[in-house]
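Text of structure_25.cif, listed as mmCIF, C-alpha atoms and all ligand atoms:
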```cif
data_protein
#
loop_
_atom_site.label_atom_id
_atom_site.label_comp_id
_atom_site.auth_asym_id
_atom_site.auth_seq_id
_atom_site.Cartn_x
_atom_site.Cartn_y
_atom_site.Cartn_z
CA MET A 1 0.00 0.00 0.00
CA THR A 2 1.37 3.44 -0.88
CA ASN A 3 0.38 6.13 1.58
CA SER A 4 -0.34 9.63 0.37
CA PRO A 5 2.55 12.07 0.89
CA PHE A 6 2.99 13.51 4.37
CA ASN A 7 0.50 16.34 4.86
CA ILE A 8 0.89 18.27 8.07
CA ASP A 9 -2.55 19.94 7.80
CA ALA A 10 -4.27 16.56 7.50
CA ILE A 11 -2.23 15.22 10.42
CA ARG A 12 -3.13 18.14 12.65
CA ARG A 13 -6.84 17.79 11.88
CA ASP A 14 -6.59 14.37 13.55
CA PHE A 15 -5.40 15.88 16.87
CA PRO A 16 -8.19 17.89 18.51
CA SER A 17 -6.12 18.48 21.66
CA LEU A 18 -3.69 20.66 19.72
CA ASP A 19 -6.47 23.13 19.07
CA GLN A 20 -6.60 24.77 22.48
CA HIS A 21 -5.26 27.78 24.33
CA VAL A 22 -2.99 27.79 27.37
CA HIS A 23 -2.61 31.05 29.30
CA GLY A 24 -4.50 32.74 26.48
CA GLN A 25 -2.03 31.56 23.81
CA PRO A 26 -2.52 28.84 21.22
CA LEU A 27 -0.92 25.67 22.56
CA VAL A 28 2.45 24.60 21.17
CA TYR A 29 2.94 21.05 22.40
CA LEU A 30 6.61 20.12 22.44
CA ASP A 31 6.55 17.41 25.07
CA SER A 32 5.74 14.35 23.00
CA ALA A 33 8.68 12.33 24.35
CA ALA A 34 6.83 12.42 27.69
CA THR A 35 3.56 11.44 26.06
CA SER A 36 2.10 12.00 22.63
CA GLN A 37 -1.26 13.57 21.90
CA LYS A 38 -3.94 11.19 20.59
CA PRO A 39 -5.47 11.14 17.11
CA LEU A 40 -9.24 11.02 16.55
CA PRO A 41 -9.39 7.35 15.42
CA VAL A 42 -7.80 6.32 18.74
CA ILE A 43 -10.20 8.47 20.77
CA GLN A 44 -13.10 7.12 18.71
CA CYS A 45 -11.92 3.54 19.21
CA ILE A 46 -12.12 3.93 23.00
CA THR A 47 -15.55 5.58 22.82
CA ASP A 48 -16.89 2.88 20.47
CA TYR A 49 -15.54 0.09 22.61
CA TYR A 50 -17.23 1.35 25.77
CA SER A 51 -20.36 2.41 23.86
CA GLY A 52 -21.14 -0.99 22.43
CA ALA A 53 -18.41 -3.61 22.56
CA ASN A 54 -17.34 -3.78 26.19
CA ALA A 55 -16.93 -7.27 27.64
CA ASN A 56 -14.32 -9.21 29.50
CA VAL A 57 -12.00 -11.35 27.39
CA HIS A 58 -11.15 -15.05 27.45
CA ARG A 59 -14.11 -15.66 29.74
CA GLY A 60 -17.49 -17.19 29.02
CA SER A 61 -19.03 -17.70 25.61
CA HIS A 62 -21.56 -14.95 24.93
CA SER A 63 -21.25 -12.94 21.73
CA LEU A 64 -19.82 -9.78 23.25
CA THR A 65 -17.04 -11.59 25.06
CA ALA A 66 -16.22 -13.66 21.98
CA SER A 67 -16.00 -10.54 19.85
CA ALA A 68 -13.92 -8.65 22.46
CA THR A 69 -11.58 -11.64 22.73
CA ASN A 70 -11.12 -11.83 18.95
CA ARG A 71 -10.38 -8.12 18.73
CA PHE A 72 -8.04 -8.25 21.73
CA GLU A 73 -6.02 -11.07 20.14
CA ALA A 74 -6.07 -9.35 16.73
CA ALA A 75 -4.59 -6.29 18.48
CA ARG A 76 -1.77 -8.49 19.78
CA GLN A 77 -1.09 -9.54 16.18
CA THR A 78 -1.00 -5.87 15.11
CA VAL A 79 1.61 -5.12 17.79
CA ALA A 80 3.62 -8.20 16.77
CA ASP A 81 3.61 -7.14 13.09
CA PHE A 82 4.54 -3.60 14.05
CA ILE A 83 7.80 -4.67 15.69
CA GLY A 84 8.55 -7.71 13.54
CA ALA A 85 7.76 -10.28 16.21
CA SER A 86 5.82 -13.50 16.29
CA VAL A 87 2.54 -13.12 18.11
CA ASN A 88 3.38 -15.55 20.92
CA GLY A 89 6.27 -13.25 21.83
CA ILE A 90 3.98 -10.36 22.77
CA VAL A 91 2.83 -9.90 26.37
CA TRP A 92 0.48 -7.04 27.24
CA THR A 93 1.73 -4.82 30.04
CA ARG A 94 0.80 -1.43 31.45
CA GLY A 95 3.81 0.03 29.69
CA ALA A 96 7.59 -0.10 29.38
CA THR A 97 8.14 0.17 33.13
CA GLU A 98 5.94 -2.79 33.95
CA ALA A 99 7.51 -4.82 31.14
CA LEU A 100 11.02 -4.20 32.49
CA ASN A 101 9.93 -5.17 36.01
CA LEU A 102 8.37 -8.33 34.62
CA ILE A 103 11.64 -9.31 32.94
CA ALA A 104 13.60 -8.51 36.11
CA GLN A 105 11.34 -10.48 38.43
CA SER A 106 10.40 -13.40 36.23
CA TYR A 107 13.46 -13.91 34.05
CA ALA A 108 16.43 -12.33 35.85
CA ARG A 109 15.50 -13.30 39.39
CA GLN A 110 15.52 -17.00 38.49
CA MET A 111 18.60 -16.83 36.33
CA LEU A 112 21.05 -14.59 38.23
CA LYS A 113 23.45 -15.87 40.85
CA GLU A 114 25.85 -14.13 43.18
CA GLY A 115 28.74 -12.64 41.24
CA ASP A 116 26.85 -12.46 37.93
CA GLU A 117 26.83 -9.03 36.31
CA ILE A 118 24.17 -6.83 34.78
CA LEU A 119 25.66 -4.30 32.38
CA ILE A 120 23.60 -1.11 32.12
CA SER A 121 24.27 1.96 30.04
CA GLU A 122 24.65 5.24 31.88
CA MET A 123 22.07 6.99 29.71
CA GLU A 124 19.16 4.79 30.79
CA HIS A 125 15.80 6.00 32.04
CA HIS A 126 15.26 4.96 35.68
CA ALA A 127 12.80 2.32 34.40
CA ASN A 128 15.78 0.49 32.89
CA ILE A 129 17.98 0.85 36.00
CA VAL A 130 15.90 0.45 39.16
CA PRO A 131 14.31 -2.95 38.35
CA TRP A 132 17.86 -4.30 37.82
CA GLN A 133 19.03 -2.83 41.11
CA ILE A 134 16.13 -4.52 42.89
CA VAL A 135 16.89 -7.88 41.32
CA ALA A 136 20.61 -7.45 41.99
CA GLU A 137 19.82 -7.02 45.67
CA GLN A 138 17.60 -10.09 45.60
CA THR A 139 20.16 -12.32 43.90
CA GLY A 140 23.59 -10.98 44.83
CA ALA A 141 24.30 -10.03 41.23
CA LYS A 142 26.35 -6.93 40.54
CA ILE A 143 25.39 -3.86 38.52
CA VAL A 144 28.09 -2.67 36.15
CA LYS A 145 27.81 0.77 34.59
CA TRP A 146 28.57 1.25 30.91
CA PRO A 147 29.67 4.89 31.00
CA LEU A 148 28.93 7.23 28.14
CA ASP A 149 31.19 9.78 26.54
CA PRO A 150 29.63 12.95 28.02
CA THR A 151 31.01 15.25 25.32
CA ARG A 152 29.13 13.42 22.56
CA CYS A 153 26.40 11.81 24.68
CA GLN A 154 27.20 8.53 23.01
CA LEU A 155 28.10 5.10 24.24
CA ASP A 156 31.45 3.82 23.18
CA MET A 157 31.68 0.24 21.89
CA SER A 158 35.33 -0.09 22.96
CA VAL A 159 34.25 0.63 26.55
CA PHE A 160 31.49 -1.95 26.13
CA ASP A 161 34.04 -4.49 24.91
CA SER A 162 36.13 -3.98 28.03
CA LEU A 163 33.16 -4.38 30.38
CA LEU A 164 31.46 -7.32 28.70
CA THR A 165 32.82 -10.54 30.17
CA SER A 166 31.67 -14.07 30.77
CA ARG A 167 30.24 -12.80 34.09
CA THR A 168 27.83 -10.53 32.18
CA LYS A 169 24.45 -12.25 32.10
CA LEU A 170 22.25 -9.38 31.04
CA VAL A 171 22.73 -6.10 29.17
CA ALA A 172 20.14 -3.31 29.49
CA VAL A 173 20.23 -0.53 26.92
CA ALA A 174 17.89 2.07 25.44
CA HIS A 175 17.30 1.96 21.71
CA ILE A 176 16.95 5.77 21.76
CA SER A 177 17.70 8.05 24.74
CA ASN A 178 14.76 10.01 26.13
CA VAL A 179 16.99 13.00 26.95
CA THR A 180 19.30 13.52 23.97
CA GLY A 181 17.70 11.33 21.30
CA THR A 182 20.96 9.36 20.94
CA ARG A 183 20.36 6.18 18.98
CA ASN A 184 22.42 3.38 20.43
CA PRO A 185 24.04 0.65 18.29
CA VAL A 186 21.75 -2.03 19.73
CA GLU A 187 22.43 -4.45 16.87
CA THR A 188 26.17 -4.52 17.66
CA VAL A 189 25.48 -4.70 21.40
CA ILE A 190 23.25 -7.72 20.85
CA GLU A 191 25.74 -9.50 18.61
CA LYS A 192 28.59 -9.01 21.05
CA ALA A 193 26.53 -9.88 24.13
CA HIS A 194 25.23 -13.06 22.52
CA ALA A 195 28.76 -14.12 21.65
CA LEU A 196 29.45 -14.19 25.41
CA GLY A 197 26.10 -15.75 26.30
CA ALA A 198 24.41 -12.64 27.76
CA VAL A 199 20.82 -11.68 26.98
CA VAL A 200 19.94 -8.15 25.92
CA VAL A 201 16.97 -6.09 27.04
CA VAL A 202 16.26 -3.17 24.72
CA ASP A 203 14.16 -0.29 26.00
CA GLY A 204 12.27 0.85 22.92
CA ALA A 205 10.04 3.41 24.66
CA GLN A 206 11.40 6.30 22.56
CA ALA A 207 12.28 4.33 19.45
CA VAL A 208 9.05 2.80 18.20
CA VAL A 209 7.69 6.17 17.16
CA HIS A 210 10.85 7.09 15.26
CA GLU A 211 11.95 4.11 13.27
CA SER A 212 10.68 0.83 11.92
CA VAL A 213 11.64 -1.72 14.51
CA ASN A 214 12.23 -5.38 13.74
CA VAL A 215 13.04 -7.23 16.94
CA GLU A 216 13.65 -10.56 15.21
CA LYS A 217 16.11 -9.07 12.74
CA MET A 218 17.74 -7.18 15.61
CA ASP A 219 17.81 -10.46 17.52
CA ALA A 220 16.77 -8.73 20.78
CA ASP A 221 15.97 -11.14 23.59
CA PHE A 222 13.53 -8.65 25.10
CA TYR A 223 12.14 -5.37 23.75
CA VAL A 224 9.70 -3.11 25.60
CA PHE A 225 7.59 -0.07 24.81
CA SER A 226 4.62 1.96 26.04
CA GLY A 227 1.57 2.81 23.97
CA HIS A 228 1.18 6.36 25.22
CA LYS A 229 4.25 7.67 23.41
CA LEU A 230 2.90 6.10 20.22
CA PHE A 231 -0.45 7.94 20.00
CA ALA A 232 -2.26 5.35 22.18
CA PRO A 233 -3.64 5.86 25.69
CA ALA A 234 -1.61 5.44 28.86
CA GLY A 235 -1.86 2.14 30.72
CA ILE A 236 -1.09 -0.19 27.82
CA GLY A 237 2.22 -1.34 26.43
CA ALA A 238 4.02 -4.43 25.34
CA LEU A 239 6.82 -6.73 26.27
CA TYR A 240 8.41 -8.70 23.48
CA GLY A 241 10.37 -11.74 24.58
CA LYS A 242 11.79 -14.52 22.45
CA PRO A 243 9.07 -17.17 22.70
CA ASP A 244 11.47 -19.90 23.85
CA ILE A 245 12.71 -17.66 26.68
CA LEU A 246 9.18 -16.60 27.69
CA GLU A 247 8.08 -20.22 27.78
CA LYS A 248 10.75 -21.06 30.36
CA MET A 249 10.00 -18.09 32.60
CA PRO A 250 7.77 -18.54 35.64
CA PRO A 251 4.71 -16.32 36.06
CA TRP A 252 5.17 -13.01 37.84
CA HIS A 253 1.64 -12.12 38.93
CA GLY A 254 -0.81 -14.82 39.97
CA GLY A 255 -4.58 -14.74 39.44
CA GLY A 256 -7.28 -15.52 36.95
CA LYS A 257 -6.62 -16.42 33.32
CA MET A 258 -2.98 -17.46 33.74
CA VAL A 259 -3.70 -20.95 35.03
CA ASP A 260 -4.54 -24.39 33.69
CA ASN A 261 -5.85 -25.79 36.93
CA VAL A 262 -6.07 -24.49 40.48
CA SER A 263 -6.51 -26.57 43.59
CA PHE A 264 -5.43 -26.10 47.17
CA GLU A 265 -2.87 -28.81 46.58
CA GLY A 266 -1.22 -26.87 43.79
CA THR A 267 -1.70 -24.87 40.62
CA THR A 268 -0.56 -25.43 37.07
CA TYR A 269 0.00 -22.53 34.73
CA THR A 270 -1.02 -21.96 31.18
CA THR A 271 1.43 -21.17 28.38
CA SER A 272 2.98 -17.85 27.47
CA PRO A 273 1.88 -15.09 26.86
CA ALA A 274 -1.32 -15.71 28.88
CA LYS A 275 0.83 -16.99 31.75
CA PHE A 276 2.02 -13.39 32.26
CA GLU A 277 -1.39 -11.74 31.97
CA ALA A 278 -3.14 -12.41 35.27
CA GLY A 279 -6.46 -10.64 35.81
CA THR A 280 -8.69 -8.60 33.56
CA PRO A 281 -6.51 -6.81 31.00
CA ASN A 282 -6.83 -3.32 29.59
CA VAL A 283 -8.93 -4.42 26.61
CA ALA A 284 -9.84 -0.93 25.43
CA GLY A 285 -6.18 0.07 25.73
CA ALA A 286 -5.04 -2.89 23.62
CA LEU A 287 -7.60 -2.11 20.90
CA ALA A 288 -6.65 1.57 21.00
CA LEU A 289 -2.95 0.71 20.71
CA ALA A 290 -3.70 -1.38 17.62
CA GLU A 291 -5.75 1.52 16.24
CA ALA A 292 -2.85 3.91 16.93
CA ILE A 293 -0.45 1.60 15.10
CA ASN A 294 -2.83 1.30 12.13
CA TRP A 295 -3.21 5.07 12.07
CA PHE A 296 0.57 5.55 12.25
CA ASN A 297 1.13 2.98 9.49
CA SER A 298 -1.41 4.78 7.31
CA ILE A 299 0.69 7.93 7.10
CA ASP A 300 3.83 8.47 5.07
CA ARG A 301 6.36 7.45 7.74
CA ASN A 302 9.43 8.54 5.75
CA GLY A 303 7.86 11.91 5.06
CA ALA A 304 6.96 12.20 8.75
CA GLU A 305 10.51 11.39 9.82
CA GLN A 306 11.94 14.00 7.42
CA HIS A 307 9.42 16.54 8.71
CA VAL A 308 10.51 15.97 12.32
CA ALA A 309 14.21 16.10 11.37
CA SER A 310 13.76 19.38 9.54
CA LEU A 311 11.92 20.90 12.52
CA GLN A 312 14.73 19.75 14.81
CA ALA A 313 17.29 21.41 12.52
CA GLU A 314 15.23 24.60 12.53
CA LEU A 315 15.07 24.57 16.32
CA VAL A 316 18.82 24.01 16.66
CA GLU A 317 19.53 26.82 14.20
CA GLY A 318 17.19 29.10 16.13
CA ILE A 319 18.67 28.57 19.58
CA ARG A 320 22.31 27.75 19.00
CA ASN A 321 23.43 31.39 19.22
CA ILE A 322 21.42 32.32 22.29
CA GLU A 323 23.85 33.59 24.89
CA ASP A 324 24.82 31.12 27.63
CA LEU A 325 22.64 28.38 26.10
CA SER A 326 24.28 24.99 25.59
CA ILE A 327 22.69 22.17 23.67
CA ILE A 328 23.35 18.86 25.38
CA GLY A 329 24.67 16.08 23.18
CA LEU A 330 23.02 17.23 19.99
CA GLN A 331 21.96 14.31 17.79
CA GLN A 332 21.22 15.47 14.25
CA GLY A 333 17.93 14.14 12.94
CA ALA A 334 16.60 13.22 16.39
CA SER A 335 13.25 14.48 17.58
CA VAL A 336 14.53 15.99 20.82
CA VAL A 337 16.81 18.85 21.75
CA ALA A 338 17.96 19.19 25.37
CA PHE A 339 19.63 22.33 26.59
CA HIS A 340 20.58 24.30 29.65
CA ILE A 341 21.34 27.94 30.20
CA ASP A 342 24.17 28.98 32.48
CA GLY A 343 22.91 30.52 35.69
CA VAL A 344 19.24 29.84 34.97
CA HIS A 345 17.20 27.07 36.53
CA HIS A 346 15.64 24.74 33.97
CA SER A 347 12.22 24.87 35.63
CA ASP A 348 12.18 28.69 35.41
CA ILE A 349 12.62 28.45 31.65
CA ALA A 350 9.87 25.83 31.34
CA THR A 351 7.53 27.98 33.45
CA LEU A 352 8.15 31.04 31.31
CA LEU A 353 7.57 28.99 28.17
CA ASP A 354 4.34 27.63 29.63
CA GLN A 355 3.12 31.18 30.20
CA GLN A 356 3.57 31.68 26.47
CA GLY A 357 1.55 28.56 25.68
CA ILE A 358 4.55 26.33 25.04
CA ALA A 359 4.73 22.92 26.71
CA VAL A 360 8.23 21.50 27.21
CA ARG A 361 9.72 19.26 29.87
CA SER A 362 12.27 20.38 32.43
CA GLY A 363 14.03 18.44 35.17
CA GLN A 364 16.14 15.33 35.34
CA HIS A 365 13.96 13.34 32.92
CA CYS A 366 14.08 10.20 35.10
CA ALA A 367 17.76 9.94 34.21
CA HIS A 368 19.74 10.99 37.31
CA PRO A 369 22.86 9.00 36.34
CA LEU A 370 22.92 10.71 32.94
CA MET A 371 22.58 14.14 34.57
CA ASP A 372 25.47 13.25 36.91
CA ALA A 373 27.61 12.12 33.99
CA LEU A 374 26.90 15.41 32.23
CA GLY A 375 27.56 17.39 35.41
CA ILE A 376 24.22 19.18 35.32
CA ASN A 377 21.30 19.23 37.74
CA GLY A 378 18.70 19.11 35.00
CA CYS A 379 17.84 20.54 31.63
CA VAL A 380 15.02 21.59 29.37
CA ARG A 381 13.92 19.10 26.73
CA VAL A 382 12.00 20.15 23.64
CA SER A 383 10.53 17.10 21.95
CA ILE A 384 9.03 17.27 18.50
CA ALA A 385 6.35 15.03 17.01
CA ILE A 386 4.92 14.61 13.55
CA TYR A 387 2.08 17.05 14.34
CA ASN A 388 4.37 19.99 15.11
CA THR A 389 4.87 22.79 12.62
CA SER A 390 7.53 25.25 11.65
CA ASP A 391 5.38 27.90 13.31
CA ASP A 392 5.56 25.91 16.59
CA ILE A 393 9.34 25.98 16.36
CA LYS A 394 9.46 29.70 15.60
CA ARG A 395 7.26 30.42 18.62
CA CYS A 396 9.37 28.16 20.79
CA VAL A 397 12.63 29.83 19.71
CA SER A 398 11.30 33.31 20.34
CA ALA A 399 9.85 32.24 23.72
CA ILE A 400 13.23 30.81 24.78
CA GLN A 401 14.92 34.03 23.72
CA LYS A 402 12.34 36.05 25.65
CA ALA A 403 12.77 33.86 28.74
CA CYS A 404 16.54 34.34 28.58
CA ASP A 405 16.14 38.10 28.29
CA LEU A 406 13.90 38.09 31.34
CA LEU A 407 15.99 35.81 33.55
N1 LIG B 501 12.23 4.26 28.96
C1 LIG B 501 12.32 5.42 28.31
C2 LIG B 501 13.48 5.66 27.39
C3 LIG B 501 11.32 6.38 28.47
O1 LIG B 501 11.41 7.54 27.83
C4 LIG B 501 10.24 6.10 29.34
C5 LIG B 501 9.15 7.13 29.57
N2 LIG B 501 9.61 8.40 29.86
C6 LIG B 501 10.21 4.88 29.99
C7 LIG B 501 11.22 3.97 29.77
C8 LIG B 501 9.11 4.51 30.91
O2 LIG B 501 7.90 4.46 30.22
P1 LIG B 501 6.50 4.37 30.99
O3 LIG B 501 6.54 5.44 32.03
O4 LIG B 501 5.50 4.61 29.94
O5 LIG B 501 6.43 3.00 31.58
#
```

Please, can you express the file's structure as structure tokens?
Amino acid sequence: MTNSPFNIDAIRRDFPSLDQHVHGQPLVYLDSAATSQKPLPVIQCITDYYSGANANVHRGSHSLTASATNRFEAARQTVADFIGASVNGIVWTRGATEALNLIAQSYARQMLKEGDEILISEMEHHANIVPWQIVAEQTGAKIVKWPLDPTRCQLDMSVFDSLLTSRTKLVAVAHISNVTGTRNPVETVIEKAHALGAVVVVDGAQAVVHESVNVEKMDADFYVFSGHKLFAPAGIGALYGKPDILEKMPPWHGGGKMVDNVSFEGTTYTTSPAKFEAGTPNVAGALALAEAINWFNSIDRNGAEQHVASLQAELVEGIRNIEDLSIIGLQQGASVVAFHIDGVHHSDIATLLDQQGIAVRSGQHCAHPLMDALGINGCVRVSIAIYNTSDDIKRCVSAIQKACDLL
């Protein structure tokens, strides 16, 4: 299927939330790396589901539940196709965070022994650090930091080579950083880790919206993402695990729907992925995530990517000469730009931008180790999505300039 060429006006018509005022100014939403706005088909999907299709899934045999179950499982297939996975490798979760905790508690907790090592990049979001610290405490395994080169905000493969040893059992790395937009060489990481028998967990929370992901080609052991950064609602996401690994993992949560037989003498569990999906799932969320993926696939993805890259270039050009402003680890073609201004607190800048109707994120971005490595106490992150315009960027640049003049 050939999609019609990228058309920003048509895209924006799909996002009613962009058409609002904040502090009397038209909203410029530049915080999509935190969460994206939602297109009409996704909003409609949720309304339709609760207006006429709501039922529990995998329970009973009436028509509504049968139809909800079929749609729920078709949505799993849509997610699988989207990331190049087989459908039995997809487990529904609340999001990337829950998926990473599931891997830590079900896979790593059984597998790790005292003295084993978990190698984690320094640019990770806390969601890809803390679950490993918890499991390290539970098992006696050791966390090893893969430091980044702070001048380029990139991870160095020669450093990786020196840290990867036969003690390394698991490597945790982001596909794309949520702060700088750095794309990590996950394919090389996976190849090298596998050569020494380590499994690799790739955090795809920021990547799935920016590039076509194929987890099987990449040979990732685990890959996680959240729906809400991909035009779907919050509270739904996916864990991909290689089916043979998932099959060997014990359940994490116990309850309904993940069992074969329950008696007071003992319980037997069903197969993966249902084994990991105890309780009533977020059916509407799963359907809405599939709708979001279909919507996203229906647009010209290459055109969209070029659009975002050109807006990022425009933003960089607009702010690079602002006095005392430093861009942190600029990654050309990424959708984010992080910066700080000497002597000015990041939250003051974000507040002044908000007063001009511009939504950006300030703070540590759930990445304290990265902030420490960069020697800063926080920064402002402008994150661009396919629905932003050149006018948004111009307003953002002039608002940053104005904020600097004021502060
Ligand atoms: N990893 C990265 C790189 C992220 O950007 C985020 C969200 N900020 C997460 C993990 C956690 O995602 P969620 O809060 O949706 O579980």

Where's the centre, and what are the edge lengths in Å to one decimal, of a box along x, y and z enclosing all listed atoms of ligand LIG 501 (chain B) padded 5 Å per side, as AutoDock Vina command-line options?
```
--center_x 9.5 --center_y 5.7 --center_z 29.7 --size_x 18.0 --size_y 15.4 --size_z 14.6
```

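Taking all atoms listed in the file into account, A:Ile327 lies nearest to A:Val179 out of the set A:Val360, A:Val179, A:Ala99, A:Val208.
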
Subject >> Surroundings of ligand LIG 501 (chain B) up to 7 Å, based on only C-alpha atoms and all ligand atoms, as number ranges by chain >> reply: A: 33-34, 95-98, 124-125, 127-128, 174, 176-178, 203-206, 226, 228

Original post:
Skipping near chain neighbours, those fewer than 3 positions away, what residues fall within 8 Å of A:Val159 using only C-alpha atoms, listed as an NGL selection string?
Top reply: :A and (146-147 or 155-156 or 162-163)

Mind listing whatever residues come within 12 Å of the point (-7.6, -13.3, 35.3)? Use only C-alpha atoms, file coordinates, and give them as a short mmCIF file (atom, residue, chain, number, x, y, z; two decimals) with C-alpha atoms, in the frame of the given file.
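Resulting contents of selection-v5.cif:
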```
data_model
loop_
_atom_site.label_atom_id
_atom_site.label_comp_id
_atom_site.auth_asym_id
_atom_site.auth_seq_id
_atom_site.Cartn_x
_atom_site.Cartn_y
_atom_site.Cartn_z
CA ASN A 56 -14.32 -9.21 29.50
CA VAL A 57 -12.00 -11.35 27.39
CA HIS A 58 -11.15 -15.05 27.45
CA ARG A 59 -14.11 -15.66 29.74
CA HIS A 253 1.64 -12.12 38.93
CA GLY A 254 -0.81 -14.82 39.97
CA GLY A 255 -4.58 -14.74 39.44
CA GLY A 256 -7.28 -15.52 36.95
CA LYS A 257 -6.62 -16.42 33.32
CA MET A 258 -2.98 -17.46 33.74
CA VAL A 259 -3.70 -20.95 35.03
CA ASP A 260 -4.54 -24.39 33.69
CA TYR A 269 0.00 -22.53 34.73
CA THR A 270 -1.02 -21.96 31.18
CA ALA A 274 -1.32 -15.71 28.88
CA LYS A 275 0.83 -16.99 31.75
CA PHE A 276 2.02 -13.39 32.26
CA GLU A 277 -1.39 -11.74 31.97
CA ALA A 278 -3.14 -12.41 35.27
CA GLY A 279 -6.46 -10.64 35.81
CA THR A 280 -8.69 -8.60 33.56
CA PRO A 281 -6.51 -6.81 31.00
CA ASN A 282 -6.83 -3.32 29.59
#
```

**OP:** Please identify all polymer residues within 9 Å of stretch 46-50 of chain A, counting only C-alpha atoms, omitting same-chain residues fewer than 5 positions from it, and present them as number ranges by chain.
**Re:** A: 41, 55, 68, 283-285, 287-288

For the residues in the current selection, export C-alpha atoms as a PDB file, keeping the file's coordinate frame.
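Listed below is the output, selection_0.pdb:
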```pdb
ATOM      1  CA  PRO A  41      -9.390   7.350  15.420  1.00  0.00           C
ATOM      2  CA  ALA A  55     -16.930  -7.270  27.640  1.00  0.00           C
ATOM      3  CA  ALA A  68     -13.920  -8.650  22.460  1.00  0.00           C
ATOM      4  CA  VAL A 283      -8.930  -4.420  26.610  1.00  0.00           C
ATOM      5  CA  ALA A 284      -9.840  -0.930  25.430  1.00  0.00           C
ATOM      6  CA  GLY A 285      -6.180   0.070  25.730  1.00  0.00           C
ATOM      7  CA  LEU A 287      -7.600  -2.110  20.900  1.00  0.00           C
ATOM      8  CA  ALA A 288      -6.650   1.570  21.000  1.00  0.00           C
TER       9      ALA A 288
END
```

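Take atom CA of A:Ala399 and atom CA of A:Leu353: the distance between them is 6.0 Å.
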
Working from the structure I just supplied, which lacks atoms in stretch 6-17 of chain A, can you model N, CA, C and O atoms there and output them as a short mmCIF file (atom, residue, chain, number, x, y, z; two decimals), keeping the file's coordinate frame?
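Output file selection.cif is given in full below:
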```
data_model
loop_
_atom_site.label_atom_id
_atom_site.label_comp_id
_atom_site.auth_asym_id
_atom_site.auth_seq_id
_atom_site.Cartn_x
_atom_site.Cartn_y
_atom_site.Cartn_z
N PHE A 6 3.19 12.91 3.05
CA PHE A 6 2.99 13.51 4.37
C PHE A 6 2.33 14.89 4.23
O PHE A 6 2.82 15.74 3.49
N ASN A 7 1.25 15.08 4.96
CA ASN A 7 0.50 16.34 4.86
C ASN A 7 0.21 16.81 6.28
O ASN A 7 -0.64 16.28 6.97
N ILE A 8 0.96 17.81 6.68
CA ILE A 8 0.89 18.27 8.07
C ILE A 8 -0.52 18.79 8.44
O ILE A 8 -0.99 18.57 9.56
N ASP A 9 -1.22 19.42 7.48
CA ASP A 9 -2.55 19.94 7.80
C ASP A 9 -3.51 18.79 8.09
O ASP A 9 -4.30 18.84 9.04
N ALA A 10 -3.40 17.72 7.27
CA ALA A 10 -4.27 16.56 7.50
C ALA A 10 -3.93 15.90 8.83
O ALA A 10 -4.82 15.49 9.59
N ILE A 11 -2.65 15.82 9.14
CA ILE A 11 -2.23 15.22 10.42
C ILE A 11 -2.83 16.02 11.58
O ILE A 11 -3.42 15.47 12.50
N ARG A 12 -2.68 17.31 11.52
CA ARG A 12 -3.13 18.14 12.65
C ARG A 12 -4.64 18.07 12.85
O ARG A 12 -5.13 18.15 13.98
N ARG A 13 -5.37 17.90 11.75
CA ARG A 13 -6.84 17.79 11.88
C ARG A 13 -7.21 16.57 12.71
O ARG A 13 -8.28 16.51 13.30
N ASP A 14 -6.32 15.59 12.77
CA ASP A 14 -6.59 14.37 13.55
C ASP A 14 -6.33 14.55 15.06
O ASP A 14 -6.59 13.63 15.82
N PHE A 15 -5.77 15.69 15.45
CA PHE A 15 -5.40 15.88 16.87
C PHE A 15 -6.16 17.05 17.49
O PHE A 15 -5.64 18.17 17.56
N PRO A 16 -7.39 16.79 17.97
CA PRO A 16 -8.19 17.89 18.51
C PRO A 16 -7.53 18.59 19.70
O PRO A 16 -7.71 19.79 19.90
N SER A 17 -6.72 17.88 20.46
CA SER A 17 -6.12 18.48 21.66
C SER A 17 -5.12 19.59 21.33
O SER A 17 -4.79 20.40 22.19
#
```
